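J.: Got query.csv for you, CSV, C-alpha atoms:
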```csv
chain,number,residue,atom,x,y,z
A,14,MET,CA,-5.2,-3.2,-3.1
A,15,ASN,CA,-2.6,-1.0,-4.4
A,16,PRO,CA,-0.6,-1.6,-7.6
A,17,ALA,CA,3.0,-2.4,-7.5
A,18,ALA,CA,4.8,0.9,-7.5
A,19,PRO,CA,8.2,1.1,-9.1
A,20,ALA,CA,11.2,0.6,-6.8
A,21,ASP,CA,11.7,4.3,-6.3
A,22,GLU,CA,8.1,5.0,-5.3
A,23,VAL,CA,6.0,4.4,-2.2
A,24,ALA,CA,2.2,4.2,-2.1
A,25,VAL,CA,1.0,6.6,0.6
A,26,GLY,CA,-2.7,6.6,0.2
A,27,ARG,CA,-5.9,6.3,-1.9
A,28,ILE,CA,-8.3,9.1,-2.7
A,29,GLY,CA,-11.7,8.5,-1.1
A,30,ARG,CA,-15.0,10.3,-1.3
A,31,PRO,CA,-15.3,14.0,-1.9
A,32,HIS,CA,-16.0,16.2,1.1
A,33,GLY,CA,-18.0,19.3,0.3
A,34,ILE,CA,-18.3,21.1,-3.0
A,35,ARG,CA,-14.8,22.7,-3.3
A,36,GLY,CA,-12.8,19.7,-4.4
A,37,GLU,CA,-11.7,18.4,-0.9
A,38,VAL,CA,-11.3,14.7,-0.6
A,39,SER,CA,-10.8,12.1,2.1
A,40,VAL,CA,-7.7,10.0,1.9
A,41,GLU,CA,-7.2,6.4,3.0
A,42,LEU,CA,-3.7,6.6,4.5
A,43,TRP,CA,-1.0,4.0,3.8
A,44,THR,CA,1.7,5.9,5.6
A,45,ASP,CA,2.6,6.5,9.2
A,46,GLU,CA,3.9,10.0,8.3
A,47,PRO,CA,0.9,11.9,6.9
A,48,GLU,CA,2.2,15.2,8.1
A,49,ARG,CA,5.3,14.7,6.0
A,50,ARG,CA,3.9,13.0,3.0
A,51,PHE,CA,0.9,15.4,2.7
A,52,ALA,CA,2.6,18.6,3.6
A,53,ASP,CA,1.4,21.8,1.8
A,54,GLY,CA,3.0,21.9,-1.6
A,55,ALA,CA,3.9,18.2,-1.7
A,56,VAL,CA,3.5,16.7,-5.2
A,57,LEU,CA,2.0,13.2,-5.2
A,58,GLN,CA,2.1,11.0,-8.3
A,59,VAL,CA,-1.3,9.5,-9.3
A,60,ARG,CA,-1.6,5.8,-10.2
A,61,ARG,CA,-4.7,4.0,-11.3
A,62,PRO,CA,-5.6,0.8,-9.5
A,63,ALA,CA,-5.9,-2.3,-11.6
A,64,GLY,CA,-9.0,-2.1,-13.7
A,65,GLY,CA,-9.7,1.5,-12.7
A,66,PRO,CA,-10.3,4.5,-15.0
A,67,ALA,CA,-7.4,6.5,-16.4
A,68,PRO,CA,-6.7,9.4,-14.1
A,69,ALA,CA,-7.2,13.0,-15.4
A,70,HIS,CA,-4.0,14.1,-13.8
A,71,THR,CA,-0.6,12.4,-13.5
A,72,ALA,CA,0.3,14.3,-10.3
A,73,LEU,CA,-1.6,16.3,-7.6
A,74,THR,CA,-0.3,19.1,-5.5
A,75,VAL,CA,-1.4,19.4,-1.8
A,76,ALA,CA,-3.0,22.8,-1.2
A,77,ALA,CA,-4.2,22.1,2.3
A,78,THR,CA,-5.0,19.3,4.8
A,79,ARG,CA,-7.1,19.0,7.9
A,80,TRP,CA,-8.3,16.3,10.2
A,81,HIS,CA,-12.1,15.7,10.4
A,82,GLN,CA,-13.4,12.9,12.7
A,83,GLU,CA,-10.1,11.0,12.5
A,84,ARG,CA,-10.0,11.2,8.7
A,85,LEU,CA,-7.5,13.2,6.7
A,86,LEU,CA,-9.1,15.6,4.3
A,87,VAL,CA,-6.9,17.0,1.5
A,88,ARG,CA,-7.5,19.8,-0.9
A,89,PHE,CA,-5.4,19.4,-4.1
A,90,GLU,CA,-4.7,22.4,-6.3
A,91,GLU,CA,-5.8,20.5,-9.4
A,92,LEU,CA,-9.2,19.4,-8.0
A,93,SER,CA,-11.3,22.6,-7.9
A,94,ASP,CA,-14.8,21.2,-7.4
A,95,ARG,CA,-16.8,18.2,-6.3
A,96,ASN,CA,-17.0,16.8,-9.9
A,97,ALA,CA,-13.2,16.8,-10.2
A,98,ALA,CA,-12.9,15.3,-6.7
A,99,GLU,CA,-15.4,12.5,-7.6
A,100,ALA,CA,-13.5,11.8,-10.8
A,101,ALA,CA,-10.3,11.2,-8.7
A,102,ARG,CA,-12.0,8.9,-6.2
A,103,GLY,CA,-10.2,5.5,-5.9
A,104,LEU,CA,-6.9,6.7,-7.4
A,105,ASP,CA,-3.7,5.7,-5.6
A,106,LEU,CA,-1.2,8.4,-4.5
A,107,VAL,CA,2.6,7.6,-4.6
A,108,ILE,CA,5.7,9.5,-3.8
A,109,ALA,CA,9.3,9.3,-5.0
A,110,VAL,CA,11.9,8.0,-2.5
A,111,ALA,CA,15.6,7.7,-2.7
A,112,PRO,CA,16.8,4.2,-3.4
A,113,ASP,CA,18.5,3.9,0.0
A,114,GLU,CA,15.6,5.5,2.0
A,115,ARG,CA,14.2,3.3,4.7
A,116,PRO,CA,11.3,3.8,7.2
A,117,GLU,CA,12.4,5.2,10.5
A,118,ASP,CA,11.0,2.2,12.4
A,119,PRO,CA,13.1,-0.9,11.8
A,120,GLU,CA,9.9,-3.1,12.0
A,121,GLU,CA,8.4,-1.3,9.0
A,122,PHE,CA,9.0,-1.8,5.3
A,123,TYR,CA,8.1,-0.2,2.1
A,124,ASP,CA,6.1,-2.3,-0.3
A,125,HIS,CA,9.0,-2.4,-2.9
A,126,GLN,CA,11.3,-3.8,-0.2
A,127,LEU,CA,9.0,-6.8,0.3
A,128,VAL,CA,8.1,-7.6,-3.3
A,129,GLY,CA,10.5,-10.2,-4.7
A,130,LEU,CA,11.5,-11.7,-1.3
A,131,ALA,CA,11.6,-15.4,-1.1
A,132,VAL,CA,9.1,-16.9,1.3
A,133,ALA,CA,9.8,-20.0,3.5
A,134,THR,CA,8.0,-21.4,6.6
A,135,THR,CA,9.7,-21.2,10.0
A,136,ASP,CA,10.2,-25.0,9.5
A,137,GLY,CA,12.4,-24.3,6.4
A,138,VAL,CA,9.9,-25.2,3.7
A,139,ASP,CA,10.1,-23.0,0.6
A,140,VAL,CA,6.7,-21.5,-0.2
A,141,GLY,CA,7.2,-19.0,-3.0
A,142,VAL,CA,7.9,-15.3,-3.6
A,143,VAL,CA,6.1,-12.1,-2.5
A,144,SER,CA,4.5,-10.7,-5.6
A,145,GLU,CA,2.5,-7.9,-4.2
A,146,VAL,CA,1.5,-6.1,-1.0
A,147,MET,CA,-2.3,-5.5,-0.7
A,148,HIS,CA,-3.6,-2.8,1.6
A,149,SER,CA,-6.9,-3.7,3.2
A,150,GLY,CA,-8.9,-2.1,5.9
A,151,ALA,CA,-7.8,-4.5,8.7
A,152,GLN,CA,-4.1,-5.1,7.8
A,153,ASP,CA,-1.7,-5.4,4.9
A,154,LEU,CA,-1.6,-8.8,3.1
A,155,LEU,CA,1.4,-10.3,1.3
A,156,VAL,CA,0.5,-12.0,-1.9
A,157,VAL,CA,2.8,-15.0,-2.2
A,158,ARG,CA,3.1,-16.4,-5.7
A,159,ARG,CA,3.5,-20.2,-5.5
A,160,GLU,CA,4.7,-22.2,-8.5
A,161,GLY,CA,1.9,-24.4,-10.0
A,162,ARG,CA,-0.5,-23.4,-7.3
A,163,ASP,CA,-2.9,-20.5,-6.3
A,164,ASP,CA,-1.4,-17.5,-4.7
A,165,ALA,CA,-1.5,-17.4,-0.9
A,166,LEU,CA,-2.6,-14.3,1.1
A,167,VAL,CA,-0.6,-13.9,4.3
A,168,PRO,CA,-1.6,-11.2,6.8
A,169,PHE,CA,1.6,-9.1,7.3
A,170,VAL,CA,1.6,-9.2,11.2
A,171,SER,CA,4.5,-10.3,13.4
A,172,ALA,CA,2.7,-13.4,14.7
A,173,LEU,CA,2.5,-14.8,11.1
A,174,VAL,CA,5.7,-13.1,9.6
A,175,PRO,CA,8.2,-13.2,12.5
A,176,GLU,CA,11.2,-12.4,10.3
A,177,VAL,CA,12.0,-10.2,7.4
A,178,ASP,CA,15.6,-10.5,6.2
A,179,LEU,CA,16.1,-7.9,3.5
A,180,ALA,CA,19.9,-8.5,3.4
A,181,ASN,CA,19.3,-12.1,2.4
A,182,GLY,CA,16.2,-11.5,0.3
A,183,ARG,CA,13.7,-13.6,2.3
A,184,LEU,CA,11.0,-13.7,4.9
A,185,LEU,CA,9.7,-16.4,7.2
A,186,VAL,CA,6.0,-17.3,7.6
A,187,ALA,CA,4.7,-19.1,10.7
A,188,ASP,CA,2.3,-21.5,9.0
A,189,ARG,CA,-1.0,-22.1,10.7
A,190,PRO,CA,-3.9,-24.4,9.6
A,191,GLY,CA,-5.7,-22.8,6.7
A,192,LEU,CA,-3.0,-20.2,6.0
A,193,LEU,CA,-1.0,-21.8,3.2
A,194,GLU,CA,-3.0,-24.9,2.7
A,195,PRO,CA,-6.8,-25.2,2.8
A,196,LEU,CA,-8.3,-26.9,5.7
A,197,GLU,CA,-9.5,-30.5,5.0
A,198,GLU,CA,-13.2,-30.9,4.9
A,199,ASP,CA,-14.7,-33.5,7.3
```
Represent the structure of the file as structure tokens.
T.:
Amino acid sequence: MNPAAPADEVAVGRIGRPHGIRGEVSVELWTDEPERRFADGAVLQVRRPAGGPAPAHTALTVAATRWHQERLLVRFEELSDRNAAEAARGLDLVIAVAPDERPEDPEEFYDHQLVGLAVATTDGVDVGVVSEVMHSGAQDLLVVRREGRDDALVPFVSALVPEVDLANGRLLVADRPGLLEPLEED
């Protein structure tokens, strides 16, 4: 899960385990543009996940990147050894974006574009509001805050979220048994 980034920031990854003894780390990518976001010299802001330890650095500068067994490895200037890399493990990496910047693919959205959208079913029933976007291993999940009820977790896939209408501030969910309401026990 990544914390809600301010509207002018986009979460691009999370620092994983150290690789070797010189401060190199693996990065769990949350971007389709790793070559752009993790270019040599790029400065990434550091955010602590909810409940995590305070980071030793507020920003990290990319010194070098390389791919190893389908995993991005990054060496940051500020992480000089394995101990520093281990201390940074689990921290989220975010970048500043212009307020009007949009992903190149019209079917993709930044987290801050989705948070705050009203949610309704494809049948027109109001459900709630997107309060957070969680990044998990399988797919992203929309956390839908519902008044007087538990939050609902909706996988952010086109089969379940067929329409995102940023201009009108809403998205539609194709409700399925067990998605928004628990299944009845027999």
J.: Tell me, as a list in words, which residues lie within 9 Å of Ala69 of chain A, counting only C-alpha atoms; anything in the same chain fewer than 4 positions away does not count.
T.: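 The neighbour list is Ala97, Ala100 and Ala101 of chain A.
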J.: With a distance cut-off of 8 Å and all atoms listed in the file, select the neighbouring residues of Arg60 of chain A, excluding the residue or stretch itself and same-chain residues fewer than 4 positions from it, and output the selection as an mmCIF file with C-alpha atoms, keeping the file's coordinate frame.
T.:
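Now in selection_36.cif:
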```
data_model
loop_
_atom_site.group_PDB
_atom_site.id
_atom_site.type_symbol
_atom_site.label_atom_id
_atom_site.label_comp_id
_atom_site.auth_asym_id
_atom_site.auth_seq_id
_atom_site.Cartn_x
_atom_site.Cartn_y
_atom_site.Cartn_z
ATOM 1 C CA PRO A 16 -0.600 -1.600 -7.600
ATOM 2 C CA PRO A 68 -6.700 9.400 -14.100
ATOM 3 C CA THR A 71 -0.600 12.400 -13.500
ATOM 4 C CA LEU A 104 -6.900 6.700 -7.400
ATOM 5 C CA ASP A 105 -3.700 5.700 -5.600
ATOM 6 C CA LEU A 106 -1.200 8.400 -4.500
ATOM 7 C CA VAL A 107 2.600 7.600 -4.600
#
```
J.: Would you list the contacts of segment 189-197 of chain A as a count of residues only, taking every protein, DNA or RNA residue within 10 Å and counting only C-alpha atoms, but skipping same-chain residues closer than 2 positions in sequence?
T.: 14
J.: Between A:His125, A:Arg158, A:Arg183, A:Arg88, single out the one closest to Ile28 of chain A, counting all atoms listed in the file.
T.: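 Checking each of A:His125, A:Arg158, A:Arg183, A:Arg88 against Ile28 of chain A, counting all atoms listed in the file, the winner is A:Arg88.
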J.: Would you compute the distance between atom CA of Gln82 of chain A and atom CA of Leu57 of chain A? Give it in Å to one decimal.
T.: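 About the pair atom CA of Gln82 of chain A and atom CA of Leu57 of chain A: they are 23.6 Å apart.
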J.: Quick one, how far is atom CA of Gly33 of chain A from atom CA of Arg95 of chain A?
T.: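 These two atoms are separated by 6.8 Å.
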J.: For a test of reading the model, state the distance in Å between atom CA of Phe122 of chain A and atom CA of Gln58 of chain A, rounded to one decimal.
T.: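 Between atom CA of Phe122 of chain A and atom CA of Gln58 of chain A the gap is 19.9 Å.
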J.: Would you please work out which residue, of A:Ser144, A:Thr74, A:Ser149, A:Asn181, is nearest to Glu41 of chain A when using all atoms listed in the file?
T.: A:Ser149
J.: Every residue with an atom at most 6 Å from (-10.9, 12.0, 4.4) (file coordinates; only C-alpha atoms) is what I'm after, so could you write them as a PDB file with C-alpha atoms, in the coordinates of the input?
T.:
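After the write, part.pdb holds the following:
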```pdb
ATOM      1  CA  VAL A  38     -11.300  14.700  -0.600  1.00  0.00           C
ATOM      2  CA  SER A  39     -10.800  12.100   2.100  1.00  0.00           C
ATOM      3  CA  VAL A  40      -7.700  10.000   1.900  1.00  0.00           C
ATOM      4  CA  ARG A  84     -10.000  11.200   8.700  1.00  0.00           C
ATOM      5  CA  LEU A  85      -7.500  13.200   6.700  1.00  0.00           C
ATOM      6  CA  LEU A  86      -9.100  15.600   4.300  1.00  0.00           C
TER       7      LEU A  86
END
```
J.: For Val177 of chain A, which of A:Leu130, A:Val142, A:Ala151, A:Val110 is the closest residue, counting all atoms listed in the file?
T.: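 Between A:Leu130, A:Val142, A:Ala151, A:Val110, the residue approaching Val177 of chain A most closely is A:Leu130.
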J.: Using all atoms listed in the file, find the one residue out of A:Leu185, A:Ile108, A:Asp45, A:Arg30 that sits nearest to Leu73 of chain A.
T.: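 Smallest separation from Leu73 of chain A among the options: A:Ile108.
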J.: For each of A:Ala67, A:Arg35, A:Asp113, A:Ala24, take the minimum atom-to-atom distance to Glu90 of chain A, counting only C-alpha atoms, then give the residue where this is smallest.
T.: A:Arg35
J.: Looking at A:Val25, A:Ala76, A:Ala109, A:Val59, which one is nearest to Glu37 of chain A, with distances taken over all atoms listed in the file?
T.: A:Ala76
J.: Counting only C-alpha atoms, what is within 12 Å of Arg115 of chain A, bar same-chain residues fewer than 2 positions away, as a PyMOL selection string?
T.: chain A and resi 21-23+110-113+117-126+179
J.: Any chance you could model N, CA and C atoms for segment 68-81 of chain A and send them as a PDB file, in the frame of the given file?
T.:
```pdb
ATOM      1  N   PRO A  68      -6.558   8.178 -14.892  1.00  0.00           N
ATOM      2  CA  PRO A  68      -6.700   9.400 -14.100  1.00  0.00           C
ATOM      3  C   PRO A  68      -6.585  10.652 -15.067  1.00  0.00           C
ATOM      4  N   ALA A  69      -7.261  11.729 -14.675  1.00  0.00           N
ATOM      5  CA  ALA A  69      -7.200  13.000 -15.400  1.00  0.00           C
ATOM      6  C   ALA A  69      -5.896  13.712 -15.209  1.00  0.00           C
ATOM      7  N   HIS A  70      -5.222  13.409 -14.097  1.00  0.00           N
ATOM      8  CA  HIS A  70      -4.000  14.100 -13.800  1.00  0.00           C
ATOM      9  C   HIS A  70      -2.896  13.023 -13.481  1.00  0.00           C
ATOM     10  N   THR A  71      -1.646  13.323 -13.800  1.00  0.00           N
ATOM     11  CA  THR A  71      -0.600  12.400 -13.500  1.00  0.00           C
ATOM     12  C   THR A  71       0.038  12.714 -12.111  1.00  0.00           C
ATOM     13  N   ALA A  72      -0.224  13.942 -11.615  1.00  0.00           N
ATOM     14  CA  ALA A  72       0.300  14.300 -10.300  1.00  0.00           C
ATOM     15  C   ALA A  72      -0.717  15.330  -9.692  1.00  0.00           C
ATOM     16  N   LEU A  73      -0.753  15.345  -8.356  1.00  0.00           N
ATOM     17  CA  LEU A  73      -1.600  16.300  -7.600  1.00  0.00           C
ATOM     18  C   LEU A  73      -0.742  16.999  -6.583  1.00  0.00           C
ATOM     19  N   THR A  74      -1.003  18.302  -6.422  1.00  0.00           N
ATOM     20  CA  THR A  74      -0.300  19.100  -5.500  1.00  0.00           C
ATOM     21  C   THR A  74      -1.126  19.428  -4.271  1.00  0.00           C
ATOM     22  N   VAL A  75      -0.615  19.136  -3.072  1.00  0.00           N
ATOM     23  CA  VAL A  75      -1.400  19.400  -1.800  1.00  0.00           C
ATOM     24  C   VAL A  75      -1.473  20.884  -1.609  1.00  0.00           C
ATOM     25  N   ALA A  76      -2.716  21.381  -1.528  1.00  0.00           N
ATOM     26  CA  ALA A  76      -3.000  22.800  -1.200  1.00  0.00           C
ATOM     27  C   ALA A  76      -3.181  22.983   0.267  1.00  0.00           C
ATOM     28  N   ALA A  77      -3.884  22.032   0.897  1.00  0.00           N
ATOM     29  CA  ALA A  77      -4.200  22.100   2.300  1.00  0.00           C
ATOM     30  C   ALA A  77      -4.653  20.785   2.845  1.00  0.00           C
ATOM     31  N   THR A  78      -4.451  20.554   4.135  1.00  0.00           N
ATOM     32  CA  THR A  78      -5.000  19.300   4.800  1.00  0.00           C
ATOM     33  C   THR A  78      -5.599  19.718   6.100  1.00  0.00           C
ATOM     34  N   ARG A  79      -6.478  18.862   6.570  1.00  0.00           N
ATOM     35  CA  ARG A  79      -7.100  19.000   7.900  1.00  0.00           C
ATOM     36  C   ARG A  79      -7.628  17.673   8.315  1.00  0.00           C
ATOM     37  N   TRP A  80      -7.739  17.502   9.612  1.00  0.00           N
ATOM     38  CA  TRP A  80      -8.300  16.300  10.200  1.00  0.00           C
ATOM     39  C   TRP A  80      -9.783  16.537  10.462  1.00  0.00           C
ATOM     40  N   HIS A  81     -10.636  15.578  10.119  1.00  0.00           N
ATOM     41  CA  HIS A  81     -12.100  15.700  10.400  1.00  0.00           C
ATOM     42  C   HIS A  81     -12.539  14.286  10.834  1.00  0.00           C
TER      43      HIS A  81
END
```
